[in-house]
Amino acid sequence: MRAYGELQTKSSSNERTNDQSTDALSAELSNLRSEVHMLRKDKQNLLEDLNMQQNQFSKSDRSLRQLLDQLSASSQQNLSLRNDVALLRKTVISLDADKLNLIQKINEIESELARAKLNVENLTLELDMAKAAPSIDPSVADSYNHLRQSLQQNHEELSQLREENLALKQTLTNTEAKL
């Protein structure tokens, strides 16, 4: 009986040990389940974060592509503007050359006009002297009339060149304003 009592004590001790082991295993299993649940939540949160990051990356990538397209368009526009500026500079140089040519023509005409005025004054004096004399030399009167006509033509040409010069100056001013 003693052996039966010992066996029962051992059995009861084993049952307590088994109960304790079962309780420990249940607690550990519960902890593991809780940990697995937390890991699943973390996994879900990480997947959501990954999704958000991918969406944000896609948006950033689209924005970057749009910016690159805008940069390309701006570069082309910049090149076009540079070409326009180069063309305008050539135009200004051409206008300056035309202006210098007109100024030179005006100076030549003004010199010719001054000489013609001097000739007219001389002829006027000669005519006055001839009028004072009893007979007028017809060649002097013809020369006088010819010089007056020449002087009138020179005045008209000078006026025309001055108008052209003024128009060119205005064009030059407008072109410089555009630049």
# chains A, B, ... in the order shown; residues from 1 in each chain; ligands from 1
$ residues_around --residues "Ser139 of chain A" --least-positions-apart "6" --cutoff "12 Å" --atoms "only C-alpha atoms" --output "PyMOL selection string"
chain A and resi 123+126-127+130+145-146
$ closest_atom_pairs --of "segment 142-174 of chain A" --to "segment 99-106 of chain A" --cutoff "12 Å" --atoms "only C-alpha atoms" --output "tab-separated table"
residue	atom	partner	partner_atom	distance
A:Asn154	CA	A:Ile106	CA	10.4
A:His155	CA	A:Ile106	CA	10.9
A:Glu156	CA	A:Ile106	CA	11.8
A:Glu157	CA	A:Ile106	CA	9.0
A:Leu158	CA	A:Ile106	CA	6.5
A:Ser159	CA	A:Ile106	CA	9.3
A:Gln160	CA	A:Ile106	CA	9.7
A:Leu161	CA	A:Ile106	CA	6.5
A:Arg162	CA	A:Ile106	CA	7.3
A:Glu163	CA	A:Leu102	CA	10.3
A:Glu164	CA	A:Leu102	CA	7.9
A:Asn165	CA	A:Leu102	CA	6.3
A:Leu166	CA	A:Lys99	CA	9.4
A:Ala167	CA	A:Lys99	CA	9.9
A:Leu168	CA	A:Lys99	CA	6.6
A:Lys169	CA	A:Lys99	CA	7.4
A:Gln170	CA	A:Lys99	CA	10.9
A:Thr171	CA	A:Lys99	CA	10.4
A:Leu172	CA	A:Lys99	CA	9.0
A:Thr173	CA	A:Lys99	CA	11.9
$ write_last_selection --atoms "C-alpha atoms" --output "PDB file, in the first residue's frame"
ATOM      1  CA  ASN A 154      18.869 119.747-103.209  1.00  0.00           C
ATOM      2  CA  HIS A 155      16.473 121.093-100.563  1.00  0.00           C
ATOM      3  CA  GLU A 156      13.857 118.507-101.520  1.00  0.00           C
ATOM      4  CA  GLU A 157      16.385 115.657-101.495  1.00  0.00           C
ATOM      5  CA  LEU A 158      17.744 116.832 -98.133  1.00  0.00           C
ATOM      6  CA  SER A 159      14.213 116.892 -96.675  1.00  0.00           C
ATOM      7  CA  GLN A 160      13.543 113.412 -97.994  1.00  0.00           C
ATOM      8  CA  LEU A 161      16.795 112.063 -96.542  1.00  0.00           C
ATOM      9  CA  ARG A 162      16.040 113.698 -93.199  1.00  0.00           C
ATOM     10  CA  GLU A 163      12.621 111.983 -93.165  1.00  0.00           C
ATOM     11  CA  GLU A 164      14.245 108.634 -93.983  1.00  0.00           C
ATOM     12  CA  ASN A 165      16.814 109.224 -91.256  1.00  0.00           C
ATOM     13  CA  LEU A 166      14.056 110.023 -88.756  1.00  0.00           C
ATOM     14  CA  ALA A 167      12.141 106.867 -89.762  1.00  0.00           C
ATOM     15  CA  LEU A 168      15.289 104.770 -89.359  1.00  0.00           C
ATOM     16  CA  LYS A 169      15.989 106.343 -85.972  1.00  0.00           C
ATOM     17  CA  GLN A 170      12.433 105.478 -84.884  1.00  0.00           C
ATOM     18  CA  THR A 171      12.837 101.907 -86.130  1.00  0.00           C
ATOM     19  CA  LEU A 172      16.151 101.662 -84.301  1.00  0.00           C
ATOM     20  CA  THR A 173      14.574 103.008 -81.105  1.00  0.00           C
TER      21      THR A 173
END
$ atom_distance --atom1 "atom CA of Ala177 of chain A" --atom2 "atom CA of Gln70 of chain A"
28.8 Å
$ closest_residue --among "A:Met129, A:Leu46, A:Leu113, A:Leu67" --to "Gln149 of chain A" --atoms "only C-alpha atoms"
A:Leu113
$ atom_distance --atom1 "atom CA of Glu28 of chain A" --atom2 "atom CA of Lys41 of chain A"
19.5 Å
